[in-house]
$ cat input-v2.csv   # CSV, C-alpha atoms
chain,number,residue,atom,x,y,z
F,22,MET,CA,6.5,-37.8,39.4
F,23,SER,CA,7.1,-38.4,35.7
F,24,ARG,CA,5.0,-36.3,33.2
F,25,ASN,CA,2.5,-37.6,30.8
F,26,ILE,CA,2.1,-35.4,27.7
F,27,VAL,CA,-0.3,-36.2,24.8
F,28,HIS,CA,0.3,-34.7,21.4
F,29,ILE,CA,-2.8,-34.7,19.1
F,30,ASP,CA,-2.6,-34.0,15.4
F,31,LEU,CA,-5.5,-34.0,12.9
F,32,ASP,CA,-4.2,-36.0,9.9
F,33,THR,CA,-4.0,-34.0,6.7
F,34,PHE,CA,-6.5,-31.6,8.3
F,35,PHE,CA,-7.4,-29.3,5.4
F,36,VAL,CA,-7.8,-32.3,3.1
F,37,SER,CA,-9.9,-34.2,5.6
F,38,CYS,CA,-12.2,-31.2,6.0
F,39,GLU,CA,-12.6,-30.9,2.3
F,40,ARG,CA,-13.4,-34.6,2.0
F,41,LEU,CA,-16.2,-34.3,4.6
F,42,LEU,CA,-17.7,-31.6,2.5
F,43,ASN,CA,-17.2,-33.5,-0.8
F,44,PRO,CA,-16.9,-37.3,-0.3
F,45,GLU,CA,-15.9,-37.6,-4.0
F,46,LEU,CA,-12.4,-36.6,-3.0
F,47,ASN,CA,-12.0,-39.7,-0.9
F,48,GLY,CA,-9.2,-42.0,-2.1
F,49,LYS,CA,-7.9,-39.5,-4.6
F,50,PRO,CA,-4.8,-37.3,-4.7
F,51,VAL,CA,-5.9,-33.9,-3.4
F,52,LEU,CA,-4.0,-30.6,-3.2
F,53,VAL,CA,-5.3,-27.8,-1.0
F,54,GLY,CA,-3.8,-24.3,-1.5
F,55,GLY,CA,-3.4,-21.5,-3.9
F,56,ILE,CA,-4.9,-22.1,-7.3
F,57,THR,CA,-2.9,-19.5,-9.2
F,58,GLY,CA,0.4,-20.1,-11.0
F,59,ARG,CA,2.2,-18.8,-8.0
F,60,GLY,CA,0.2,-20.7,-5.4
F,61,VAL,CA,1.7,-23.2,-3.0
F,62,VAL,CA,0.4,-26.4,-1.5
F,63,ALA,CA,-1.0,-25.8,2.0
F,64,ALA,CA,-1.9,-29.5,2.4
F,65,CYS,CA,-1.9,-32.7,0.4
F,66,SER,CA,-3.5,-36.1,0.8
F,67,TYR,CA,-1.4,-39.2,1.4
F,68,GLU,CA,-2.3,-40.3,-2.2
F,69,ALA,CA,-0.6,-37.2,-3.5
F,70,ARG,CA,2.4,-37.6,-1.2
F,71,GLN,CA,3.2,-40.8,-3.1
F,72,TYR,CA,4.2,-38.6,-6.0
F,73,GLY,CA,6.7,-36.7,-3.9
F,74,ILE,CA,4.4,-33.8,-3.2
F,75,HIS,CA,4.7,-32.0,0.1
F,76,SER,CA,3.3,-28.9,1.8
F,77,ALA,CA,4.9,-25.5,0.9
F,78,MET,CA,5.7,-26.9,-2.6
F,79,PRO,CA,4.8,-24.6,-5.5
F,80,MET,CA,1.4,-25.7,-6.8
F,81,ARG,CA,2.7,-25.7,-10.4
F,82,MET,CA,5.4,-28.2,-9.5
F,83,ALA,CA,3.0,-30.4,-7.6
F,84,GLN,CA,0.7,-30.5,-10.6
F,85,GLN,CA,3.6,-31.5,-12.8
F,86,LEU,CA,4.4,-34.4,-10.4
F,87,CYS,CA,0.7,-35.5,-10.3
F,88,PRO,CA,-1.2,-34.1,-13.3
F,89,HIS,CA,-4.4,-35.9,-12.2
F,90,ALA,CA,-4.4,-34.4,-8.7
F,91,ILE,CA,-7.5,-32.5,-7.7
F,92,VAL,CA,-6.7,-28.9,-6.6
F,93,VAL,CA,-9.0,-27.3,-4.0
F,94,LYS,CA,-8.7,-23.7,-3.0
F,95,GLY,CA,-8.3,-23.5,0.8
F,96,ASN,CA,-11.1,-22.0,2.9
F,97,SER,CA,-9.7,-20.8,6.3
F,98,SER,CA,-13.2,-20.1,7.8
F,99,ILE,CA,-14.3,-23.7,7.3
F,100,TYR,CA,-11.1,-25.1,8.8
F,101,SER,CA,-11.4,-22.7,11.7
F,102,LYS,CA,-14.9,-23.9,12.5
F,103,PHE,CA,-13.8,-27.6,12.6
F,104,SER,CA,-10.8,-26.6,14.7
F,105,ASP,CA,-13.1,-24.7,17.1
F,106,THR,CA,-15.3,-27.7,17.5
F,107,ILE,CA,-12.3,-29.9,18.4
F,108,THR,CA,-11.0,-27.3,20.8
F,109,GLU,CA,-14.3,-27.3,22.6
F,110,ILE,CA,-14.3,-31.1,22.9
F,111,ILE,CA,-10.8,-31.0,24.3
F,112,SER,CA,-11.5,-28.2,26.7
F,113,GLU,CA,-14.4,-30.1,28.2
F,114,SER,CA,-12.2,-33.1,29.1
F,115,ALA,CA,-8.5,-32.0,29.3
F,116,PRO,CA,-7.1,-30.7,32.7
F,117,LEU,CA,-4.5,-28.6,30.8
F,118,TYR,CA,-4.1,-28.2,27.1
F,119,GLU,CA,-2.1,-26.1,24.6
F,120,LYS,CA,-3.4,-25.3,21.1
F,121,SER,CA,-0.1,-25.1,19.2
F,122,SER,CA,-1.7,-24.7,15.7
F,123,ILE,CA,-5.1,-25.0,14.0
F,124,ASP,CA,-4.8,-28.8,14.0
F,125,GLU,CA,-2.3,-29.6,16.8
F,126,PHE,CA,-2.7,-29.8,20.6
F,127,TYR,CA,-0.6,-30.8,23.6
F,128,ILE,CA,-2.4,-32.1,26.7
F,129,ASP,CA,-0.7,-32.5,30.1
F,130,VAL,CA,-2.4,-35.5,31.8
F,131,THR,CA,0.3,-35.9,34.5
F,132,GLY,CA,-1.1,-37.7,37.5
F,133,MET,CA,-4.1,-39.2,35.8
F,134,ASP,CA,-2.6,-42.7,35.9
F,135,LYS,CA,-3.5,-42.8,39.6
F,136,PHE,CA,-7.2,-42.6,38.9
F,137,TYR,CA,-7.9,-43.7,35.4
F,138,GLY,CA,-4.9,-44.2,33.0
F,139,SER,CA,-3.5,-41.6,30.7
F,140,TYR,CA,-3.3,-43.8,27.6
F,141,LYS,CA,-6.9,-45.0,28.0
F,142,TRP,CA,-8.1,-41.5,28.6
F,143,ALA,CA,-6.3,-40.3,25.4
F,144,GLN,CA,-7.8,-43.1,23.4
F,145,GLU,CA,-11.3,-42.3,24.5
F,146,LEU,CA,-10.8,-38.6,23.8
F,147,ARG,CA,-9.6,-39.5,20.3
F,148,GLU,CA,-12.7,-41.8,19.7
F,149,ARG,CA,-15.0,-38.9,20.8
F,150,ILE,CA,-13.4,-36.5,18.4
F,151,ILE,CA,-13.7,-38.9,15.6
F,152,LYS,CA,-17.3,-39.7,16.4
F,153,GLU,CA,-18.3,-36.0,16.6
F,154,THR,CA,-16.3,-34.6,13.7
F,155,HIS,CA,-15.6,-37.7,11.5
F,156,LEU,CA,-12.1,-36.4,11.1
F,157,PRO,CA,-9.0,-38.8,11.3
F,158,ILE,CA,-6.8,-38.1,14.2
F,159,SER,CA,-3.5,-39.4,15.6
F,160,PHE,CA,-1.8,-39.0,18.9
F,161,GLY,CA,1.4,-39.9,20.7
F,162,LEU,CA,1.9,-40.1,24.5
F,163,SER,CA,5.2,-39.8,26.3
F,164,THR,CA,6.9,-38.0,29.1
F,165,ASN,CA,7.5,-34.8,27.1
F,166,LYS,CA,6.3,-32.7,24.1
F,167,THR,CA,9.2,-33.5,21.7
F,168,VAL,CA,8.9,-37.3,22.0
F,169,SER,CA,5.1,-37.2,21.8
F,170,LYS,CA,5.1,-35.1,18.7
F,171,VAL,CA,7.7,-37.3,17.0
F,172,ALA,CA,5.7,-40.4,18.0
F,173,THR,CA,2.5,-39.0,16.5
F,174,ASN,CA,4.2,-38.4,13.2
F,175,GLU,CA,5.5,-42.0,13.2
F,176,VAL,CA,2.1,-43.6,13.7
F,177,LYS,CA,0.1,-41.5,11.2
F,178,PRO,CA,-2.4,-41.8,9.6
F,179,ASN,CA,-5.2,-42.2,12.1
F,180,ASN,CA,-3.4,-44.2,14.8
F,181,HIS,CA,-1.9,-43.8,18.3
F,182,VAL,CA,1.1,-44.9,20.4
F,183,LYS,CA,2.6,-44.7,23.8
F,184,ILE,CA,6.3,-44.4,24.4
F,185,GLU,CA,7.0,-45.7,27.9
F,186,GLU,CA,9.1,-43.8,30.4
F,187,GLY,CA,12.7,-44.7,29.9
F,188,GLN,CA,12.3,-45.7,26.2
F,189,GLU,CA,12.4,-42.2,24.8
F,190,LYS,CA,16.1,-42.4,23.7
F,191,THR,CA,15.7,-45.9,22.3
F,192,PHE,CA,12.6,-44.8,20.3
F,193,LEU,CA,14.4,-41.8,18.8
F,194,ALA,CA,17.7,-43.5,18.0
F,195,PRO,CA,16.9,-45.1,14.6
F,196,LEU,CA,15.0,-42.1,13.2
F,197,VAL,CA,16.4,-39.7,10.6
F,198,VAL,CA,17.5,-36.5,12.5
F,199,LYS,CA,15.2,-34.4,10.4
F,200,LYS,CA,12.2,-35.8,12.3
F,201,ILE,CA,13.2,-33.9,15.4
F,202,PRO,CA,10.9,-30.8,15.3
F,203,MET,CA,13.6,-28.1,15.5
F,204,VAL,CA,15.6,-29.5,12.5
F,205,GLY,CA,14.7,-27.6,9.3
F,206,ASP,CA,16.1,-28.0,5.8
F,207,GLN,CA,19.2,-25.9,6.4
F,208,THR,CA,20.1,-27.5,9.7
F,209,TYR,CA,19.5,-30.9,8.2
F,210,LYS,CA,21.9,-30.1,5.3
F,211,MET,CA,24.6,-29.0,7.8
F,212,LEU,CA,24.2,-32.1,9.9
F,213,LEU,CA,24.5,-34.3,6.8
F,214,SER,CA,27.7,-32.5,5.9
F,215,MET,CA,29.0,-33.5,9.4
F,216,GLY,CA,28.1,-37.1,8.7
F,217,VAL,CA,25.0,-37.0,10.9
F,218,LYS,CA,21.9,-38.6,9.4
F,219,TYR,CA,20.3,-40.5,12.3
F,220,VAL,CA,19.4,-39.4,15.8
F,221,LYS,CA,21.6,-42.1,17.3
F,222,THR,CA,24.7,-40.3,16.0
F,223,ILE,CA,23.8,-37.2,17.9
F,224,GLN,CA,23.1,-39.2,21.0
F,225,GLU,CA,26.6,-40.5,20.9
F,226,MET,CA,28.2,-37.1,20.3
F,227,PRO,CA,29.5,-35.0,23.2
F,228,VAL,CA,27.3,-32.1,23.9
F,229,GLU,CA,30.4,-29.8,23.9
F,230,LEU,CA,30.9,-30.6,20.2
F,231,MET,CA,27.3,-29.8,19.3
F,232,GLU,CA,27.6,-26.5,21.2
F,233,LYS,CA,30.9,-25.7,19.4
F,234,VAL,CA,29.3,-26.3,16.0
F,235,MET,CA,25.8,-24.9,16.5
F,236,GLY,CA,25.9,-22.9,19.7
F,237,LYS,CA,22.8,-22.9,22.0
F,238,ASN,CA,20.8,-24.6,19.2
F,239,GLY,CA,23.3,-27.4,19.3
F,240,VAL,CA,22.8,-28.0,23.0
F,241,ALA,CA,19.0,-27.9,22.5
F,242,LEU,CA,19.2,-30.4,19.7
F,243,TRP,CA,21.4,-32.7,21.7
F,244,LYS,CA,18.9,-32.7,24.5
F,245,LYS,CA,16.0,-33.4,22.3
F,246,ALA,CA,18.0,-36.3,20.7
F,247,GLN,CA,18.4,-37.8,24.2
F,248,GLY,CA,14.6,-37.6,24.6
F,249,ILE,CA,15.0,-34.6,27.1
F,250,ASP,CA,12.4,-31.8,26.9
F,251,ASN,CA,11.3,-29.9,30.0
F,252,SER,CA,9.1,-27.4,28.1
F,253,LEU,CA,5.7,-26.9,29.7
F,254,VAL,CA,2.3,-27.2,28.1
F,255,GLU,CA,1.1,-23.6,27.8
F,256,PRO,CA,-2.5,-23.1,28.8
F,257,TYR,CA,-4.7,-22.1,25.8
F,258,SER,CA,-6.8,-19.0,25.8
F,259,GLU,CA,-8.6,-17.5,22.8
F,260,ARG,CA,-7.1,-14.2,21.5
F,261,LYS,CA,-9.1,-11.2,22.7
F,262,SER,CA,-7.3,-8.4,20.8
F,263,ILE,CA,-5.1,-7.7,17.8
F,264,SER,CA,-2.7,-4.8,17.4
F,265,SER,CA,-0.1,-3.2,15.3
F,266,SER,CA,2.6,-0.7,16.3
F,267,LEU,CA,5.6,0.8,14.7
F,268,THR,CA,8.7,2.6,16.2
F,269,PHE,CA,10.3,5.0,13.7
F,270,GLU,CA,14.1,5.0,13.1
F,271,LYS,CA,13.9,8.7,13.0
F,272,ASP,CA,11.2,10.6,15.0
F,273,THR,CA,8.8,12.5,12.8
F,274,ILE,CA,6.3,15.4,12.9
F,275,ASN,CA,4.8,14.6,9.5
F,276,VAL,CA,1.2,14.4,10.4
F,277,ALA,CA,0.1,13.2,6.9
F,278,ALA,CA,2.6,10.4,7.0
F,279,LEU,CA,1.5,9.4,10.5
F,280,LYS,CA,-2.2,9.3,9.4
F,281,ASN,CA,-1.4,7.2,6.3
F,282,LEU,CA,0.5,4.7,8.4
F,283,LEU,CA,-2.4,4.4,10.9
F,284,LEU,CA,-4.7,4.0,8.0
F,285,ALA,CA,-2.6,1.2,6.6
F,286,MET,CA,-2.4,-0.5,10.0
F,287,THR,CA,-6.2,-0.2,10.4
F,288,GLU,CA,-6.8,-1.6,6.9
F,289,LYS,CA,-4.7,-4.7,7.5
F,290,LEU,CA,-6.1,-5.3,11.0
F,291,ALA,CA,-9.7,-5.0,9.7
F,292,PHE,CA,-8.9,-7.5,7.0
F,293,ALA,CA,-7.5,-9.9,9.6
F,294,LEU,CA,-10.7,-9.5,11.6
F,295,ARG,CA,-12.8,-10.4,8.6
F,296,ASN,CA,-10.6,-13.4,7.7
F,297,GLY,CA,-10.9,-14.7,11.3
F,298,ASN,CA,-14.7,-14.1,11.4
F,299,LYS,CA,-14.2,-11.7,14.3
F,300,LEU,CA,-15.7,-8.3,15.2
F,301,THR,CA,-14.4,-5.6,17.5
F,302,SER,CA,-16.2,-3.1,19.7
F,303,CYS,CA,-13.2,-1.3,21.1
F,304,VAL,CA,-10.6,0.7,19.3
F,305,THR,CA,-7.4,2.0,20.9
F,306,VAL,CA,-4.7,4.3,19.4
F,307,THR,CA,-1.3,4.9,21.0
F,308,VAL,CA,1.1,7.8,20.4
F,309,ARG,CA,4.6,7.9,21.9
F,310,TYR,CA,6.4,11.2,21.7
F,311,SER,CA,10.2,11.6,21.3
F,312,ASP,CA,10.5,12.2,25.1
F,313,PHE,CA,8.9,8.8,25.6
F,314,ASP,CA,5.7,10.4,26.9
F,315,THR,CA,3.1,7.7,25.8
F,316,ARG,CA,-0.5,8.4,25.5
F,317,THR,CA,-3.5,6.2,24.6
F,318,ARG,CA,-7.1,6.8,23.9
F,319,GLN,CA,-9.9,4.3,23.2
F,320,LYS,CA,-13.5,4.3,22.1
F,321,ARG,CA,-16.3,1.8,22.2
F,322,ILE,CA,-18.1,1.3,19.0
F,323,PRO,CA,-20.9,-1.0,17.6
F,324,TYR,CA,-19.4,-4.4,16.7
F,325,THR,CA,-17.8,-4.1,13.2
F,326,SER,CA,-14.9,-5.3,11.0
F,327,LEU,CA,-15.3,-2.8,8.2
F,328,ASP,CA,-12.5,-0.5,7.2
F,329,HIS,CA,-14.4,2.8,6.8
F,330,THR,CA,-15.9,2.6,10.3
F,331,LEU,CA,-12.6,1.6,12.0
F,332,ILE,CA,-10.5,4.1,10.0
F,333,GLU,CA,-12.9,6.9,11.0
F,334,THR,CA,-12.6,6.0,14.7
F,335,VAL,CA,-8.8,5.7,14.5
F,336,MET,CA,-8.4,9.1,12.9
F,337,GLU,CA,-10.7,10.6,15.5
F,338,LEU,CA,-8.7,9.2,18.3
F,339,PHE,CA,-5.4,10.3,16.7
F,340,ASP,CA,-6.6,13.8,16.4
F,341,GLN,CA,-7.5,13.8,20.1
F,342,LEU,CA,-4.1,12.4,21.0
F,343,TYR,CA,-1.8,14.4,18.9
F,344,ASN,CA,-1.9,17.8,20.6
F,345,ARG,CA,1.7,18.5,21.7
F,346,ARG,CA,3.0,19.3,18.2
F,347,VAL,CA,6.3,17.6,19.0
F,348,LEU,CA,8.2,14.7,17.3
F,349,VAL,CA,6.5,11.3,17.4
F,350,ARG,CA,8.5,8.1,18.1
F,351,LEU,CA,5.7,5.5,17.8
F,352,VAL,CA,2.2,5.0,16.8
F,353,GLY,CA,-0.1,2.0,17.2
F,354,VAL,CA,-3.6,0.6,16.8
F,355,ARG,CA,-5.4,-2.1,18.8
F,356,PHE,CA,-8.8,-3.7,18.4
F,357,SER,CA,-10.1,-5.5,21.5
F,358,HIS,CA,-13.3,-6.9,23.0
F,359,LEU,CA,-13.4,-9.3,20.1
F,360,ILE,CA,-16.2,-11.7,19.4
F,361,GLY,CA,-16.9,-14.3,16.8
F,362,GLY,CA,-19.2,-13.6,14.0
F,363,SER,CA,-19.6,-12.0,10.6
F,364,TYR,CA,-20.5,-8.4,10.1
F,365,GLN,CA,-24.2,-7.5,9.9
F,366,MET,CA,-25.2,-4.5,7.9
F,367,ARG,CA,-26.6,-1.6,9.8
F,368,LEU,CA,-29.6,-0.2,7.9
F,369,PHE,CA,-29.4,3.3,6.6
F,370,GLU,CA,-25.6,3.4,7.4
F,371,ASP,CA,-24.1,0.7,5.1
F,372,ASN,CA,-25.3,-0.5,1.8
F,373,ALA,CA,-25.2,-3.8,-0.1
F,374,LYS,CA,-22.8,-2.3,-2.7
F,375,LEU,CA,-20.3,-1.4,-0.1
F,376,ILE,CA,-20.5,-4.8,1.6
F,377,ARG,CA,-19.9,-6.5,-1.8
F,378,LEU,CA,-17.0,-4.2,-2.4
F,379,TYR,CA,-15.3,-5.4,0.9
F,380,GLN,CA,-16.1,-9.0,0.0
F,381,GLN,CA,-14.4,-8.7,-3.4
F,382,MET,CA,-11.4,-6.8,-1.9
F,383,ASP,CA,-10.9,-9.6,0.6
F,384,LYS,CA,-11.2,-12.3,-2.1
F,385,MET,CA,-8.4,-10.5,-4.0
F,386,ARG,CA,-6.3,-10.2,-0.8
F,387,ASN,CA,-6.8,-13.9,0.1
F,388,ARG,CA,-5.8,-14.8,-3.4
F,389,PHE,CA,-2.9,-12.5,-4.1
F,390,GLY,CA,-1.8,-11.3,-0.7
F,391,SER,CA,-2.8,-8.8,1.9
F,392,THR,CA,-1.3,-5.9,0.0
F,393,ALA,CA,-3.0,-6.8,-3.3
F,394,VAL,CA,-5.7,-4.1,-2.7
F,395,GLN,CA,-4.7,-0.9,-0.9
F,396,ARG,CA,-5.8,2.7,-0.7
F,397,ALA,CA,-3.6,5.0,-2.7
F,398,SER,CA,-2.5,6.9,0.4
F,399,THR,CA,-1.0,3.7,1.9
F,400,LEU,CA,1.0,2.6,-1.2
F,401,GLY,CA,4.7,2.3,-0.5
F,402,ILE,CA,4.4,2.2,3.3
F,403,ARG,CA,6.8,-0.3,4.7
F,404,GLY,CA,7.5,-1.8,8.1
F,405,ILE,CA,4.1,-3.1,9.1
F,406,GLY,CA,4.7,-6.5,7.5
F,407,HIS,CA,2.6,-9.3,6.1
F,408,MET,CA,-0.2,-10.6,8.2
F,409,SER,CA,-1.7,-14.1,8.3
F,410,ASN,CA,-4.8,-15.1,10.1
F,411,PRO,CA,-4.2,-14.6,13.8
F,412,PHE,CA,-7.3,-16.5,14.9
F,413,ASN,CA,-6.2,-20.0,13.8
F,414,GLY,CA,-4.7,-21.1,17.1
F,415,GLN,CA,-1.1,-20.3,16.1
F,416,PRO,CA,0.9,-17.5,17.7
F,417,PRO,CA,-0.4,-14.3,16.0
F,418,VAL,CA,1.6,-12.8,13.2
F,419,ILE,CA,0.0,-9.4,13.3
F,420,PRO,CA,2.8,-6.9,12.8
F,421,ALA,CA,5.6,-7.2,15.3
F,422,HIS,CA,6.8,-4.2,17.1
F,423,ARG,CA,9.7,-3.2,14.9
F,424,ARG,CA,11.8,-0.2,13.8
F,425,MET,CA,11.3,1.5,10.4
$ encode --input "input-v2.csv" --output "structure tokens"
Amino acid sequence: MSRNIVHIDLDTFFVSCERLLNPELNGKPVLVGGITGRGVVAACSYEARQYGIHSAMPMRMAQQLCPHAIVVKGNSSIYSKFSDTITEIISESAPLYEKSSIDEFYIDVTGMDKFYGSYKWAQELRERIIKETHLPISFGLSTNKTVSKVATNEVKPNNHVKIEEGQEKTFLAPLVVKKIPMVGDQTYKMLLSMGVKYVKTIQEMPVELMEKVMGKNGVALWKKAQGIDNSLVEPYSERKSISSSLTFEKDTINVAALKNLLLAMTEKLAFALRNGNKLTSCVTVTVRYSDFDTRTRQKRIPYTSLDHTLIETVMELFDQLYNRRVLVRLVGVRFSHLIGGSYQMRLFEDNAKLIRLYQQMDKMRNRFGSTAVQRASTLGIRGIGHMSNPFNGQPPVIPAHRRM
């Protein structure tokens, strides 16, 4: 049985959300992103793209290309709410779906043709999303994820298409090779230097040549160019925990340094919680000694996302764990039992001044980066990395397990 895979993409998602909130932006060149001199374009309207503007472009350059463009500072919480609404609609109808980003979904509707019709079903789902959210949406339907994604991009904005089984290779052939998802700027430049501009050229090349030039990536690219992609639609599940851990290049017994590192991890994870409108009620600390003896301890707490409460709990757990007085190889922090929602002040424990302080700190971090505001004890700590919002449907970027 051939597969039927739908790729759904919300057109210029951030811009579309802003236009729903402010209809005066309709029909005008709009840039969403950082508003400082060092900001970048996170999204731009089709009107702005006519001036050569694209996402990830420095905002200053974009404004030079289109001086009359309207710049809007991005608001991740608003976009997340719209994305959650769309996810809920899809989850009610789709037999199997994958949320690959905040505004992209893959749906496996294999076998549905026997009962209803995959293309008709996808059209009706699109119409429902548009009716309930008023957001423009495009989709492509084919036998695999790669062709469906490329097809979606080809019919934007606000349209849909089906690539029939057996027509995948023909559909891809005339397209510029950069339209294949795995081809970035550097790969594209290399292919151009080889005289390869269109997908058809790769289709006609022997796979051995692609492997010789690009290794495994060359084989993968050759298969995609042929319209071959056997990757599965991965079932979506909302993230229930976030964590950070670090393995040291050299084992240490410096307790002050260990505590400062845990403090930095907690601070960044708490910021990620607040950015994702999440609260945690379970804190876990892990300590691995030089002999690989690994110990963990956790504690349930009232739902919170504030640094001072979480730091106090993490330090308490670490003091309970670190009792062998031997070298430490790894430390880690995890927040679990997550729920959606913003923090509510607990009377007599928190005060409005403290809440405002966190709000201002988060504003600065969102504007200038997650390390813009730090406690003095965490300055100079390296190895826990930059963190983006892990609750936007993309694979989490909360610090990877790495060596320092």
$ atom_distance --input "input-v2.csv" --atom1 "atom CA of Gln84 of chain F" --atom2 "atom CA of Asn47 of chain F"
18.4 Å
$ residues_around --input "input-v2.csv" --residues "Glu288 of chain F" --least-positions-apart "3" --cutoff "9 Å" --atoms "only C-alpha atoms" --output "PyMOL selection string"
chain F and resi 283-285+291-293+327-329+331-332+395-396
$ closest_residue --input "input-v2.csv" --among "F:Pro323, F:Pro116, F:Gly187, F:Gly297" --to "Gln247 of chain F" --atoms "all atoms listed in the file"
F:Gly187
$ atom_distance --input "input-v2.csv" --atom1 "atom CA of Tyr72 of chain F" --atom2 "atom CA of Val93 of chain F"
17.5 Å
$ closest_residue --input "input-v2.csv" --among "F:Ser357, F:Thr106, F:Thr317, F:Asn251" --to "Gln341 of chain F" --atoms "only C-alpha atoms"
F:Thr317
$ residues_near_point --input "input-v2.csv" --point "(-2.5, -37.4, 19.7)" --cutoff "10 Å" --atoms "all atoms listed in the file" --output "PyMOL selection string"
chain F and resi 26-31+125-128+143-144+146-147+158-162+169-170+172-174+176-177+179-183
$ residues_around --input "input-v2.csv" --residues "His155 of chain F" --least-positions-apart "6" --cutoff "10 Å" --atoms "all atoms listed in the file" --output "list in words"
Ser37, Cys38, Leu41, Glu148 and Arg149 of chain F
$ closest_residue --input "input-v2.csv" --among "F:Thr273, F:Met82, F:Lys233, F:Leu242" --to "Gly205 of chain F" --atoms "all atoms listed in the file"
F:Leu242
$ closest_residue --input "input-v2.csv" --among "F:Pro256, F:Ala83, F:Asn296, F:Tyr219" --to "Leu117 of chain F" --atoms "all atoms listed in the file"
F:Pro256
$ atom_distance --input "input-v2.csv" --atom1 "atom CA of Ala115 of chain F" --atom2 "atom CA of Arg24 of chain F"
14.7 Å
$ closest_residue --input "input-v2.csv" --among "F:Ile360, F:Met226, F:Val51, F:Leu253" --to "Asp129 of chain F" --atoms "all atoms listed in the file"
F:Leu253
$ residues_around --input "input-v2.csv" --residues "segment 198-204 of chain F" --least-positions-apart "4" --cutoff "12 Å" --atoms "only C-alpha atoms" --output "CSV table (one decimal) with C-alpha atoms, in the coordinates of the input"
chain,number,residue,atom,x,y,z
F,166,LYS,CA,6.3,-32.7,24.1
F,167,THR,CA,9.2,-33.5,21.7
F,168,VAL,CA,8.9,-37.3,22.0
F,169,SER,CA,5.1,-37.2,21.8
F,170,LYS,CA,5.1,-35.1,18.7
F,171,VAL,CA,7.7,-37.3,17.0
F,172,ALA,CA,5.7,-40.4,18.0
F,173,THR,CA,2.5,-39.0,16.5
F,174,ASN,CA,4.2,-38.4,13.2
F,175,GLU,CA,5.5,-42.0,13.2
F,192,PHE,CA,12.6,-44.8,20.3
F,193,LEU,CA,14.4,-41.8,18.8
F,194,ALA,CA,17.7,-43.5,18.0
F,208,THR,CA,20.1,-27.5,9.7
F,209,TYR,CA,19.5,-30.9,8.2
F,210,LYS,CA,21.9,-30.1,5.3
F,211,MET,CA,24.6,-29.0,7.8
F,212,LEU,CA,24.2,-32.1,9.9
F,213,LEU,CA,24.5,-34.3,6.8
F,216,GLY,CA,28.1,-37.1,8.7
F,217,VAL,CA,25.0,-37.0,10.9
F,218,LYS,CA,21.9,-38.6,9.4
F,219,TYR,CA,20.3,-40.5,12.3
F,220,VAL,CA,19.4,-39.4,15.8
F,221,LYS,CA,21.6,-42.1,17.3
F,222,THR,CA,24.7,-40.3,16.0
F,223,ILE,CA,23.8,-37.2,17.9
F,224,GLN,CA,23.1,-39.2,21.0
F,235,MET,CA,25.8,-24.9,16.5
F,238,ASN,CA,20.8,-24.6,19.2
F,239,GLY,CA,23.3,-27.4,19.3
F,240,VAL,CA,22.8,-28.0,23.0
F,241,ALA,CA,19.0,-27.9,22.5
F,242,LEU,CA,19.2,-30.4,19.7
F,243,TRP,CA,21.4,-32.7,21.7
F,244,LYS,CA,18.9,-32.7,24.5
F,245,LYS,CA,16.0,-33.4,22.3
F,246,ALA,CA,18.0,-36.3,20.7
F,247,GLN,CA,18.4,-37.8,24.2
F,248,GLY,CA,14.6,-37.6,24.6
F,249,ILE,CA,15.0,-34.6,27.1
F,250,ASP,CA,12.4,-31.8,26.9
$ residues_around --input "input-v2.csv" --residues "Arg321 of chain F" --least-positions-apart "6" --cutoff "8 Å" --atoms "only C-alpha atoms" --output "list in words"
Ser302, Cys303 and Val304 of chain F
$ closest_residue --input "input-v2.csv" --among "F:Val347, F:Leu196, F:Val354, F:Leu294" --to "Asp312 of chain F" --atoms "all atoms listed in the file"
F:Val347
$ residues_around --input "input-v2.csv" --residues "Val61 of chain F" --least-positions-apart "6" --cutoff "8 Å" --atoms "all atoms listed in the file" --output "PyMOL selection string"
chain F and resi 54-55+76-81
